[in-house]
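Enquirer: To be precise about what I am sending: the file is called structure12.txt and holds compact mmCIF, C-alpha atoms.
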# COMPACT_ATOMS: atom_id res chain seq x y z
CA MET A 1 2.85 21.72 3.68
CA GLN A 2 2.24 17.97 3.82
CA ARG A 3 3.91 15.93 1.10
CA PHE A 4 4.25 12.23 0.39
CA ALA A 5 7.30 10.34 -0.87
CA ILE A 6 6.82 8.61 -4.23
CA TYR A 7 7.51 4.89 -4.27
CA HIS A 8 9.13 3.49 -7.42
CA LYS A 9 8.77 -0.28 -7.59
CA SER A 10 11.88 -2.21 -8.54
CA GLU A 11 11.78 -4.22 -11.76
CA ARG A 12 14.26 -6.71 -10.31
CA PHE A 13 12.85 -9.99 -9.04
CA ARG A 14 13.33 -10.27 -5.29
CA PRO A 15 11.78 -13.42 -3.81
CA THR A 16 9.65 -13.12 -0.70
CA THR A 17 9.92 -15.37 2.34
CA ASN A 18 6.90 -17.31 1.09
CA GLN A 19 8.41 -17.86 -2.35
CA VAL A 20 11.72 -19.07 -0.93
CA PHE A 21 10.11 -21.30 1.69
CA TYR A 22 7.51 -23.00 -0.49
CA THR A 23 9.84 -23.40 -3.48
CA PHE A 24 12.51 -24.93 -1.26
CA ASN A 25 10.04 -27.34 0.34
CA ALA A 26 8.53 -28.33 -3.01
CA VAL A 27 12.00 -29.20 -4.29
CA ALA A 28 12.91 -31.01 -1.05
CA ILE A 29 9.72 -33.09 -1.06
CA SER A 30 10.21 -33.95 -4.75
CA ILE A 31 13.73 -35.16 -3.98
CA TRP A 32 12.41 -37.12 -1.00
CA ILE A 33 9.81 -38.87 -3.16
CA VAL A 34 12.47 -39.84 -5.70
CA VAL A 35 14.81 -41.09 -2.97
CA GLU A 36 12.06 -42.97 -1.10
CA LYS A 37 10.41 -44.61 -4.11
CA ILE A 38 13.34 -45.22 -6.41
CA ILE A 39 16.63 -45.25 -4.52
CA LYS A 40 15.10 -46.32 -1.19
CA THR A 41 17.81 -44.87 1.02
CA GLU A 42 16.46 -44.17 4.51
CA GLN A 43 19.53 -42.24 5.63
CA PHE A 44 19.09 -39.66 2.88
CA SER A 45 15.38 -39.41 3.70
CA ARG A 46 16.25 -38.42 7.27
CA VAL A 47 18.52 -35.68 5.96
CA ILE A 48 15.71 -34.34 3.77
CA GLY A 49 13.27 -34.44 6.72
CA PHE A 50 15.73 -32.61 8.95
CA THR A 51 16.33 -29.98 6.24
CA VAL A 52 12.59 -29.39 5.82
CA ALA A 53 12.18 -29.00 9.59
CA ILE A 54 14.99 -26.42 9.67
CA SER A 55 13.33 -24.49 6.82
CA TRP A 56 10.12 -24.31 8.88
CA LEU A 57 12.01 -22.91 11.86
CA VAL A 58 13.75 -20.32 9.68
CA ALA A 59 10.42 -19.28 8.09
CA LEU A 60 8.76 -18.96 11.51
CA LEU A 61 11.68 -16.85 12.76
CA ALA A 62 11.43 -14.61 9.69
CA MET A 63 7.67 -14.22 10.30
CA LEU A 64 8.30 -13.29 13.94
CA ILE A 65 10.90 -10.67 12.98
CA GLY A 66 8.47 -9.36 10.35
CA LYS A 67 5.96 -8.46 13.06
CA PHE A 68 8.33 -5.90 14.59
CA LYS A 69 10.48 -4.73 11.70
CA ALA A 70 9.65 -3.54 8.20
CA PRO A 71 11.17 -5.63 5.40
CA PRO A 72 13.58 -4.09 2.87
CA LEU A 73 11.86 -1.94 0.25
CA ARG A 74 11.44 -3.66 -3.09
CA GLY A 75 12.12 -0.38 -4.82
CA ARG A 76 13.05 3.17 -3.82
CA LEU A 77 11.55 6.39 -2.48
CA ASP A 78 12.34 9.29 -4.78
CA GLY A 79 10.49 12.60 -5.22
CA PHE A 80 7.33 13.88 -3.59
CA ILE A 81 3.61 14.32 -4.22
CA SER A 82 2.16 17.60 -2.94
CA PHE A 83 -1.51 18.61 -2.83
CA TYR A 84 -2.69 22.20 -3.30
CA LYS A 85 -6.16 23.68 -3.72
CA ASP A 86 -5.62 24.40 -7.42
CA LYS A 87 -3.11 21.71 -8.41
CA ILE A 88 -1.26 18.51 -7.58
CA THR A 89 2.49 18.27 -8.12
CA VAL A 90 4.30 14.98 -8.66
CA GLU A 91 8.06 15.52 -8.73
CA LYS A 92 8.42 18.10 -11.53
CA GLU A 93 5.01 17.43 -13.06
CA VAL A 94 2.20 19.89 -12.33
CA PHE A 95 -1.47 18.91 -12.75
CA TYR A 96 -3.82 21.88 -12.45
CA LEU A 97 -7.26 21.12 -11.06
CA ASN A 98 -8.97 22.55 -14.14
CA ASP A 99 -7.16 19.99 -16.29
CA ILE A 100 -8.14 17.04 -14.08
CA LYS A 101 -11.27 14.98 -14.71
CA ARG A 102 -11.01 12.54 -11.79
CA ILE A 103 -8.82 11.91 -8.75
CA LYS A 104 -8.67 8.58 -6.95
CA ILE A 105 -6.54 8.05 -3.84
CA THR A 106 -6.07 5.04 -1.60
CA ASN A 107 -4.47 5.56 1.80
CA ASP A 108 -5.06 2.22 3.53
CA ASP A 109 -1.37 1.55 4.24
CA TYR A 110 1.09 3.34 6.51
CA TYR A 111 4.53 2.69 7.98
CA GLY A 112 4.34 0.24 10.87
CA LYS A 113 0.86 -1.04 10.08
CA ILE A 114 0.43 -4.69 11.06
CA LYS A 115 -1.33 -6.54 8.25
CA TYR A 116 -3.23 -9.80 8.74
CA LEU A 117 -1.75 -12.25 6.25
CA GLY A 118 -3.61 -15.44 7.09
CA LYS A 119 -2.42 -18.94 7.88
CA GLY A 120 0.61 -20.29 6.04
CA ASN A 121 1.90 -16.83 5.13
CA PHE A 122 5.43 -16.19 6.39
CA ASN A 123 5.95 -12.76 4.81
CA ALA A 124 6.54 -9.74 7.04
CA SER A 125 3.30 -8.27 8.39
CA TYR A 126 4.99 -5.01 9.50
CA SER A 127 4.34 -2.65 6.61
CA ASN A 128 6.61 -0.20 4.83
CA GLY A 129 3.58 2.01 4.15
CA VAL A 130 4.05 2.13 0.38
CA ASP A 131 0.91 0.28 -0.74
CA ASN A 132 -0.98 3.49 -1.54
CA GLU A 133 -1.99 4.86 -4.93
CA LEU A 134 -2.77 8.20 -6.53
CA LEU A 135 -4.64 8.06 -9.83
CA ILE A 136 -5.10 11.24 -11.85
CA GLU A 137 -7.31 11.10 -14.92
CA LEU A 138 -6.93 14.19 -17.08
CA ASN A 139 -9.60 15.77 -19.27
CA SER A 140 -7.64 14.40 -22.22
CA SER A 141 -8.41 10.87 -20.86
CA LYS A 142 -4.73 10.33 -20.09
CA VAL A 143 -4.26 8.47 -16.79
CA LYS A 144 -1.31 8.86 -14.42
CA LEU A 145 -0.78 6.35 -11.62
CA TYR A 146 1.66 6.67 -8.73
CA ASN A 147 2.50 4.70 -5.60
CA PHE A 148 3.43 6.66 -2.50
CA GLU A 149 4.40 6.25 1.13
CA ILE A 150 2.35 7.26 4.15
CA TYR A 151 4.45 7.43 7.28
CA ASN A 152 1.77 8.34 9.84
CA SER A 153 -1.80 7.05 9.52
CA PRO A 154 -3.52 10.46 10.03
CA ASP A 155 -1.31 12.36 7.53
CA PHE A 156 -4.22 13.00 5.14
CA GLN A 157 -5.98 14.96 7.88
CA LYS A 158 -3.35 17.65 7.27
CA ILE A 159 -4.64 18.29 3.74
CA LYS A 160 -8.33 18.19 4.63
CA THR A 161 -9.00 21.63 3.08
CA GLU A 162 -7.42 20.62 -0.23
CA LEU A 163 -9.34 17.33 -0.35
CA ILE A 164 -12.64 19.09 0.31
CA THR A 165 -11.85 21.46 -2.55
CA TYR A 166 -11.30 18.50 -4.89
CA TYR A 167 -14.66 17.06 -3.82
CA LEU A 168 -16.56 20.32 -4.25
CA GLU A 169 -15.02 20.74 -7.71
CA GLY A 170 -16.33 17.31 -8.69
CA LYS A 171 -12.90 15.71 -8.98
CA LEU A 172 -13.03 13.42 -5.94
CA GLU A 173 -15.89 11.11 -4.91
CA PHE A 174 -17.42 11.60 -1.46
CA SER A 175 -16.85 7.93 -0.54
CA ILE A 176 -13.13 8.35 -1.23
CA LEU A 177 -13.02 11.63 0.69
CA ILE A 178 -14.47 10.20 3.90
CA ASN A 179 -12.15 7.19 3.66
CA LEU A 180 -9.14 9.49 3.32
CA LEU A 181 -10.24 11.42 6.39
CA GLY A 182 -11.03 8.28 8.39
CA LEU A 183 -14.74 9.00 8.88
CA GLU A 184 -16.74 5.86 9.66
CA LYS A 185 -19.69 6.64 11.92
CA ASP A 186 -22.98 7.60 10.25
CA GLU A 187 -23.43 10.68 12.42
CA GLU A 188 -19.98 12.11 11.75
CA ILE A 189 -20.36 11.43 8.03
CA LYS A 190 -23.70 13.27 7.99
CA ASP A 191 -22.20 16.22 9.90
CA PHE A 192 -19.24 16.33 7.54
CA LYS A 193 -21.49 16.29 4.48
CA ASP A 194 -23.47 19.20 5.91
CA TYR A 195 -20.19 21.03 6.53
CA CYS A 196 -19.20 20.52 2.89
CA LYS A 197 -22.56 21.90 1.74
CA ARG A 198 -22.08 25.01 3.89
CA THR A 199 -18.57 25.43 2.56
CA ALA A 200 -19.84 25.22 -1.02
CA ALA A 201 -22.60 27.74 -0.33
CA ASN A 202 -20.19 30.18 1.32
CA SER A 203 -17.83 29.80 -1.64
CA ARG A 204 -20.61 30.70 -4.10
CA LEU A 205 -21.57 33.74 -2.03
CA ALA A 206 -17.97 34.89 -1.94
CA GLN A 207 -17.89 34.83 -5.72
Show me this structure written as structure tokens.

Expert:
Amino acid sequence: MQRFAIYHKSERFRPTTNQVFYTFNAVAISIWIVVEKIIKTEQFSRVIGFTVAISWLVALLAMLIGKFKAPPLRGRLDGFISFYKDKITVEKEVFYLNDIKRIKITNDDYYGKIKYLGKGNFNASYSNGVDNELLIELNSSKVKLYNFEIYNSPDFQKIKTELITYYLEGKLEFSILINLLGLEKDEEIKDFKDYCKRTAANSRLAQ
């Protein structure tokens, strides 16, 4: 049985590399402006310039390390999400398929994924794999939202049968299903849709 660790975000403020770097430089430049325009002390200005240069080197080093090592979790992994044909369990909570109106899952992140962050971003690009969400909307209109970890990128392939069941029962959209299974080419999507139709027909005959 494939299960996924639940990620609980920390409520504590933990500054990122970007926040530390840009805040530090904003303060340093503000001090430099005051010193340069008001006090006019060149020696102190050199110290500020040297300090700013060091901060750039430290930020670049942190960015380099972040390409090969995941940063500390800003929260904790506790409990598991498990998917079954007739239910989804989240820790001790059980959501039966008949009680669910809609299921939405994102699985675009996994442990070790290298994310493109753009220029001027010094945060770690090596992912912890916790930027994934499970949304369960119940028939009562109550919505439950969870973050979870994916360790290996193809892990959702292991619950393909369960996901197809959710789709055939009208709980999961086809666009979400093919994204979860990593289907991109038009031909393989068409073949998969035909497979789902055959599965649905066989299920009705079996009843």

Enquirer: Out of A:Ser175, A:Thr89, A:Asn132, A:Thr16, which residue has the shortest atom-to-atom distance to A:Glu149 when counting only C-alpha atoms?

Expert: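 Ranked by minimum distance to A:Glu149, first place goes to A:Asn132.
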
Enquirer: So that I can see what lies close to A:Thr161, please list as a list in words the residues with an atom at most 12 Å from it, counting all atoms listed in the file and leaving out residues fewer than 5 positions away in the same chain.

Expert: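 Within the cut-off, the hits are Met1, Gln2, Phe83, Tyr84, Lys85, Asp86, Phe156, Tyr166, Tyr167, Leu168, Leu177, Leu181, Tyr195, Cys196 and Thr199 of chain A.
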
Enquirer: Of the candidates A:Phe24, A:Tyr126, A:Tyr7, A:Phe174, which shows the shortest atom-to-atom distance to A:Tyr146, using only C-alpha atoms?

Expert: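 When distances to A:Tyr146 are compared using only C-alpha atoms, the smallest one comes from A:Tyr7.
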
Enquirer: Using all atoms listed in the file, which of A:Ile105, A:Val130, A:Val34, A:Ala26 sits nearest A:Ala5?

Expert: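 Once distances to A:Ala5 are computed over all atoms listed in the file, the minimum belongs to A:Val130.
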
Enquirer: Any idea what the distance is between atom CA of A:Asp99 and atom CA of A:Ser140?

Expert: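 Distance reported for this atom pair: 8.2 Å.
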
Enquirer: Enclose the full set of atoms of stretch 131-150 of chain A listed in the file within a box whose edges lie along x, y and z, apply 3 Å of padding to each of the six sides, and report centre and edge lengths in Å to one decimal as lines of an AutoDock Vina configuration file.

Expert:
center_x = -2.6
center_y = 8.0
center_z = -9.0
size_x = 20.0
size_y = 21.5
size_z = 32.4

Enquirer: Expressed in Å to a single decimal, how great is the separation between atom CA of A:Leu180 and atom CA of A:Ile159?

Expert: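 Value for the atom CA of A:Leu180-atom CA of A:Ile159 distance: 9.9 Å.
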
Enquirer: What separation in Å, quoted to one decimal, exists between atom CA of A:His8 and atom CA of A:Pro72?

Expert: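 Spanning atom CA of A:His8 to atom CA of A:Pro72 is a straight-line distance of 13.5 Å.
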